>>> print(open('target_13.cif').read())   # mmCIF, C-alpha atoms
data_final
loop_
_atom_site.label_atom_id
_atom_site.label_comp_id
_atom_site.auth_asym_id
_atom_site.auth_seq_id
_atom_site.Cartn_x
_atom_site.Cartn_y
_atom_site.Cartn_z
CA MET A 21 -9.24 26.01 -67.52
CA LYS A 22 -5.94 25.81 -65.64
CA PHE A 23 -6.85 29.03 -63.86
CA LYS A 24 -10.18 27.53 -62.63
CA ILE A 25 -8.47 24.36 -61.29
CA ILE A 26 -5.82 26.39 -59.46
CA HIS A 27 -8.49 28.81 -58.19
CA ILE A 28 -10.71 25.94 -56.92
CA ALA A 29 -7.72 24.21 -55.31
CA LEU A 30 -6.67 27.44 -53.58
CA ILE A 31 -10.20 28.13 -52.31
CA GLY A 32 -10.47 24.50 -51.13
CA PHE A 33 -7.12 24.74 -49.34
CA LEU A 34 -8.11 28.02 -47.62
CA PHE A 35 -11.48 26.59 -46.67
CA LEU A 36 -9.97 23.43 -45.18
CA SER A 37 -7.13 25.22 -43.42
CA SER A 38 -9.57 27.47 -41.58
CA TYR A 39 -10.65 24.46 -39.51
CA LYS A 40 -8.56 23.07 -36.73
CA LEU A 41 -7.06 19.86 -38.07
CA HIS A 42 -6.20 16.88 -35.89
CA ALA A 43 -3.70 14.22 -36.76
CA GLN A 44 -3.44 10.90 -35.01
CA ASN A 45 -2.63 11.38 -31.38
CA ASN A 46 -0.60 8.64 -29.72
CA LEU A 47 -1.50 9.97 -26.30
CA SER A 48 -4.60 8.56 -24.70
CA ALA A 49 -6.03 8.65 -21.24
CA ASP A 50 -4.08 5.46 -20.54
CA THR A 51 -0.60 6.80 -21.22
CA ILE A 52 1.65 9.35 -19.59
CA HIS A 53 1.56 12.93 -20.79
CA PRO A 54 4.95 13.93 -22.26
CA LYS A 55 5.41 16.61 -19.60
CA GLN A 56 4.59 14.19 -16.78
CA LYS A 57 7.64 12.44 -15.38
CA LEU A 58 7.49 8.65 -15.20
CA ALA A 59 8.45 7.17 -11.83
CA ARG A 60 11.20 4.82 -13.03
CA ASN A 61 12.65 3.84 -9.63
CA THR A 62 11.06 1.58 -7.04
CA VAL A 63 12.31 0.41 -3.65
CA PHE A 64 10.34 -2.42 -2.09
CA ILE A 65 10.32 -5.31 0.36
CA GLU A 66 9.26 -8.69 -1.01
CA LEU A 67 7.97 -11.40 1.32
CA LEU A 68 8.85 -14.91 0.14
CA GLY A 69 9.18 -14.56 -3.63
CA ASN A 70 12.37 -14.54 -5.68
CA ALA A 71 14.79 -14.65 -2.75
CA GLY A 72 14.31 -18.42 -2.83
CA LEU A 73 15.50 -19.68 0.54
CA GLY A 74 14.91 -16.34 2.24
CA LEU A 75 11.67 -15.17 3.75
CA TYR A 76 12.15 -11.61 2.55
CA SER A 77 14.31 -9.45 0.30
CA VAL A 78 14.92 -5.71 -0.01
CA ASN A 79 14.88 -4.71 -3.69
CA TYR A 80 15.51 -1.89 -6.14
CA ASP A 81 13.76 -1.90 -9.52
CA ARG A 82 14.56 0.48 -12.39
CA ILE A 83 12.41 0.88 -15.52
CA VAL A 84 15.03 1.21 -18.26
CA TYR A 85 12.61 1.31 -21.21
CA HIS A 86 9.03 2.55 -21.44
CA LYS A 87 6.89 3.03 -24.53
CA ALA A 88 3.08 3.30 -24.43
CA GLN A 89 1.86 0.18 -22.59
CA PHE A 90 5.18 -1.72 -22.50
CA GLY A 91 8.19 -1.43 -20.24
CA LEU A 92 11.38 -3.23 -19.36
CA SER A 93 12.88 -3.14 -15.88
CA ILE A 94 15.96 -4.49 -14.15
CA ARG A 95 15.71 -5.54 -10.53
CA GLY A 96 18.30 -6.33 -7.90
CA GLY A 97 17.80 -7.32 -4.28
CA PHE A 98 19.41 -8.49 -1.07
CA SER A 99 18.46 -10.80 1.79
CA LEU A 100 20.34 -12.25 4.77
CA MET A 101 18.98 -15.37 6.47
CA PRO A 102 20.49 -17.33 9.37
CA THR A 103 20.54 -21.12 9.15
CA SER A 104 19.89 -23.57 11.97
CA ASN A 105 23.59 -23.17 12.84
CA ARG A 106 23.53 -19.52 13.98
CA SER A 107 27.11 -18.89 12.79
CA ILE A 108 26.24 -19.66 9.16
CA PHE A 109 24.25 -17.22 7.03
CA VAL A 110 22.77 -17.49 3.57
CA LEU A 111 22.95 -14.33 1.51
CA THR A 112 20.59 -14.03 -1.44
CA PHE A 113 20.89 -11.60 -4.31
CA PRO A 114 17.93 -11.91 -6.69
CA ILE A 115 18.63 -10.29 -10.07
CA LEU A 116 15.84 -10.24 -12.66
CA VAL A 117 14.84 -8.68 -15.96
CA ASN A 118 11.10 -7.90 -16.17
CA LEU A 119 8.76 -7.21 -19.06
CA ILE A 120 5.91 -4.93 -17.96
CA HIS A 121 2.62 -4.48 -19.81
CA GLY A 122 -0.35 -2.43 -18.69
CA LYS A 123 -2.32 0.78 -18.56
CA LYS A 124 -2.49 3.50 -15.92
CA ASN A 125 -1.79 1.88 -12.53
CA ASN A 126 -2.34 -1.81 -13.34
CA HIS A 127 0.35 -3.93 -14.96
CA PHE A 128 1.21 -7.52 -15.81
CA GLU A 129 4.83 -8.40 -15.13
CA PHE A 130 6.80 -11.36 -16.46
CA GLY A 131 10.43 -11.73 -15.45
CA PHE A 132 13.31 -14.16 -15.28
CA GLY A 133 16.73 -14.17 -13.69
CA CYS A 134 19.06 -15.74 -11.21
CA THR A 135 19.44 -15.63 -7.44
CA PHE A 136 23.06 -15.71 -6.33
CA GLN A 137 23.23 -17.45 -2.93
CA PRO A 138 26.64 -17.59 -1.22
CA VAL A 139 26.75 -19.31 2.17
CA VAL A 140 28.81 -17.26 4.67
CA GLY A 141 30.53 -18.80 7.69
CA ALA A 142 30.69 -22.41 6.48
CA LYS A 143 34.01 -24.28 6.53
CA SER A 144 33.68 -25.02 2.83
CA PRO A 145 31.78 -22.16 1.16
CA VAL A 146 28.91 -23.14 -1.09
CA ASN A 147 27.55 -20.93 -3.83
CA ARG A 148 24.22 -21.63 -5.48
CA TYR A 149 22.80 -20.00 -8.57
CA PRO A 150 19.11 -20.92 -8.67
CA LEU A 151 17.09 -19.77 -11.65
CA THR A 152 14.01 -17.77 -10.85
CA ALA A 153 11.04 -16.22 -12.62
CA ASN A 154 7.93 -14.25 -11.81
CA ILE A 155 4.45 -13.83 -13.22
CA SER A 156 2.91 -10.97 -11.27
CA TYR A 157 0.27 -8.29 -10.97
CA ARG A 158 1.98 -4.93 -10.42
CA TYR A 159 0.23 -1.83 -9.07
CA GLN A 160 2.31 1.28 -9.76
CA LYS A 161 1.12 4.79 -10.55
CA PRO A 162 3.01 6.38 -13.45
CA SER A 163 3.67 9.45 -11.30
CA GLY A 164 5.02 7.41 -8.36
CA GLY A 165 3.95 6.69 -4.82
CA PHE A 166 2.67 3.46 -3.29
CA PHE A 167 3.85 0.25 -5.01
CA PHE A 168 2.33 -3.21 -4.64
CA LYS A 169 3.05 -6.50 -6.38
CA VAL A 170 1.79 -10.05 -5.92
CA GLY A 171 2.64 -13.05 -8.04
CA TYR A 172 3.84 -16.55 -8.70
CA THR A 173 7.63 -16.83 -8.25
CA PRO A 174 9.10 -20.27 -8.99
CA VAL A 175 12.72 -20.99 -8.05
CA TYR A 176 14.70 -23.88 -9.63
CA TYR A 177 17.99 -25.24 -8.28
CA TYR A 178 20.04 -28.44 -8.02
CA GLU A 179 20.05 -30.28 -4.71
CA ASP A 180 23.54 -31.54 -5.49
CA GLU A 181 25.68 -29.32 -7.73
CA ASP A 182 27.51 -32.41 -9.05
CA ASP A 183 24.27 -34.15 -10.07
CA ALA A 184 22.45 -32.00 -12.64
CA THR A 185 19.60 -34.50 -12.92
CA ASN A 186 18.04 -33.71 -9.53
CA ILE A 187 16.35 -30.36 -10.09
CA ILE A 188 14.27 -29.04 -7.23
CA SER A 189 11.64 -26.39 -7.73
CA ARG A 190 10.05 -24.23 -5.10
CA CYS A 191 6.82 -22.60 -6.13
CA LEU A 192 6.29 -19.52 -4.03
CA ILE A 193 3.93 -16.61 -3.91
CA GLY A 194 5.68 -13.26 -3.54
CA ILE A 195 4.04 -10.18 -2.02
CA SER A 196 5.78 -6.82 -2.31
CA PHE A 197 5.20 -3.38 -0.84
CA GLY A 198 7.21 -0.28 -1.58
CA TYR A 199 7.52 3.20 -3.02
CA SER A 200 8.05 4.40 -6.60
CA PHE A 201 9.75 7.68 -7.43
#
>>> encode(input="target_13.cif", output="structure tokens")
Amino acid sequence: MKFKIIHIALIGFLFLSSYKLHAQNNLSADTIHPKQKLARNTVFIELLGNAGLGLYSVNYDRIVYHKAQFGLSIRGGFSLMPTSNRSIFVLTFPILVNLIHGKKNNHFEFGFGCTFQPVVGAKSPVNRYPLTANISYRYQKPSGGFFFKVGYTPVYYYEDEDDATNIISRCLIGISFGYSF
């Protein structure tokens, strides 16, 4: 009896092992093939957007984490805007952390951060630290190339640093163009 059970089990094992078996495959048409390199770096120009007072900013974005449809990026930028007094300039440095979700080329991006804004050339320097966020559509191919982003980018700051009750918000639309590599 034992011999028949072992014999049947062995024949069953040989029969089943002759077929190509497939386990669950985490790769789908929507994800990156393991041998394909993900374009983690992006350089872009943003019009309006998270620079707050500025009309533009030049930015660098780095995807620091990517798994399936989710990613996490850190972004830093720079802008220089003259004021009505031509000898005074406002520098802006938007710094954000972004959560990215999407498939293939199309992504939803939600981010938050701060825009450091020192005023250069004024007799008494003023530094502002407005809070900023973004809710955006992000077009980026996993392999790199053309980059595009458009979204809602609110900026919140105090009109008077000594009076924390007067919060001003600027609701802007940011449009970005750049290159991923």
>>> resolve_selection(input="target_13.cif", expression="the PyMOL selection byres ((chain A and resi 65) around 12)", output="number ranges by chain")
A: 62-64, 66-71, 75-81, 96-99, 167-170, 194-199
>>> closest_residue(input="target_13.cif", among="A:Tyr176, A:Phe201, A:Phe136, A:Tyr157", to="Ile188 of chain A", atoms="only C-alpha atoms")
A:Tyr176
>>> closest_residue(input="target_13.cif", among="A:Arg158, A:His86, A:Arg60, A:Arg95", to="Asn118 of chain A", atoms="all atoms listed in the file")
A:Arg95
>>> atom_distance(input="target_13.cif", atom1="atom CA of Leu192 of chain A", atom2="atom CA of Val139 of chain A")
21.4 Å
>>> residues_around(input="target_13.cif", residues="Ser200 of chain A", least_positions_apart="5", cutoff="6 Å", atoms="all atoms listed in the file", output="PyMOL selection string")
chain A and resi 59+61-62+164-165
>>> residues_around(input="target_13.cif", residues="Cys191 of chain A", least_positions_apart="5", cutoff="8 Å", atoms="all atoms listed in the file", output="ChimeraX atom specification")
/A:172-175
>>> residues_around(input="target_13.cif", residues="Leu111 of chain A", least_positions_apart="6", cutoff="6 Å", atoms="all atoms listed in the file", output="VMD selection string")
chain A and resid 99 to 100 137 to 138
>>> atom_distance(input="target_13.cif", atom1="atom CA of Ile83 of chain A", atom2="atom CA of Leu58 of chain A")
9.2 Å
>>> atom_distance(input="target_13.cif", atom1="atom CA of Tyr159 of chain A", atom2="atom CA of Asn125 of chain A")
5.5 Å
>>> resolve_selection(input="target_13.cif", expression="the PyMOL selection byres ((chain A and resi 93) around 6)", output="list in words")
Arg82, Ile83, Val84, Leu92, Ile94, Val117 and Asn118 of chain A
>>> closest_residue(input="target_13.cif", among="A:Lys161, A:Ile108, A:Gly74, A:Asn186", to="Lys143 of chain A", atoms="only C-alpha atoms")
A:Ile108
>>> resolve_selection(input="target_13.cif", expression="the PyMOL selection byres ((chain A and resi 149) around 9)", output="ChimeraX atom specification")
/A:134-138,147-148,150-151,177-178
>>> closest_residue(input="target_13.cif", among="A:Gly131, A:Phe166, A:Phe90, A:Gln160", to="Pro114 of chain A", atoms="all atoms listed in the file")
A:Gly131
>>> residues_near_point(input="target_13.cif", point="(0.8, -1.2, -18.6)", cutoff="6 Å", atoms="only C-alpha atoms", output="number ranges by chain")
A: 89-90, 121-123, 127
>>> residues_around(input="target_13.cif", residues="Gly91 of chain A", least_positions_apart="6", cutoff="6 Å", atoms="only C-alpha atoms", output="list in words")
Tyr85, Leu119 and Ile120 of chain A
>>> decode(input="target_13.cif", residues="segment 133-183 of chain A", atoms="C-alpha atoms", output="tab-separated table (two decimals), in the first residue's frame")
chain	number	residue	atom	x	y	z
A	133	GLY	CA	6.98	71.65	1.58
A	134	CYS	CA	8.32	75.11	2.22
A	135	THR	CA	9.57	77.94	0.03
A	136	PHE	CA	12.48	79.81	1.59
A	137	GLN	CA	12.32	83.44	0.41
A	138	PRO	CA	15.17	85.74	1.49
A	139	VAL	CA	15.00	89.33	0.26
A	140	VAL	CA	18.41	90.51	-1.03
A	141	GLY	CA	19.44	94.16	-1.13
A	142	ALA	CA	17.01	95.51	1.47
A	143	LYS	CA	18.30	97.61	4.38
A	144	SER	CA	16.71	95.23	6.85
A	145	PRO	CA	16.70	91.72	5.35
A	146	VAL	CA	13.41	89.85	5.48
A	147	ASN	CA	13.13	86.10	5.29
A	148	ARG	CA	9.83	84.38	4.63
A	149	TYR	CA	9.05	80.70	4.90
A	150	PRO	CA	5.72	80.16	3.16
A	151	LEU	CA	4.23	76.69	3.23
A	152	THR	CA	3.39	75.21	-0.12
A	153	ALA	CA	1.74	72.13	-1.57
A	154	ASN	CA	0.86	70.67	-4.93
A	155	ILE	CA	-1.79	68.40	-6.38
A	156	SER	CA	-0.68	67.67	-9.93
A	157	TYR	CA	-0.88	65.53	-13.02
A	158	ARG	CA	2.63	64.36	-13.94
A	159	TYR	CA	3.60	62.98	-17.36
A	160	GLN	CA	6.92	61.14	-17.16
A	161	LYS	CA	8.05	58.08	-19.10
A	162	PRO	CA	9.76	55.48	-16.89
A	163	SER	CA	12.68	55.38	-19.32
A	164	GLY	CA	13.11	59.18	-19.35
A	165	GLY	CA	12.71	61.95	-21.87
A	166	PHE	CA	10.11	64.71	-22.05
A	167	PHE	CA	8.56	65.72	-18.70
A	168	PHE	CA	5.35	67.69	-18.18
A	169	LYS	CA	3.40	68.61	-15.07
A	170	VAL	CA	0.35	70.77	-14.40
A	171	GLY	CA	-1.41	71.26	-11.11
A	172	TYR	CA	-2.87	73.25	-8.27
A	173	THR	CA	-0.13	74.80	-6.10
A	174	PRO	CA	-1.37	76.76	-3.07
A	175	VAL	CA	1.09	78.90	-1.10
A	176	TYR	CA	0.37	80.04	2.50
A	177	TYR	CA	2.27	82.78	4.32
A	178	TYR	CA	1.86	85.49	6.96
A	179	GLU	CA	1.50	89.08	5.77
A	180	ASP	CA	3.11	90.23	9.01
A	181	GLU	CA	5.56	87.81	10.65
A	182	ASP	CA	4.66	89.23	14.08
A	183	ASP	CA	0.92	88.64	13.59
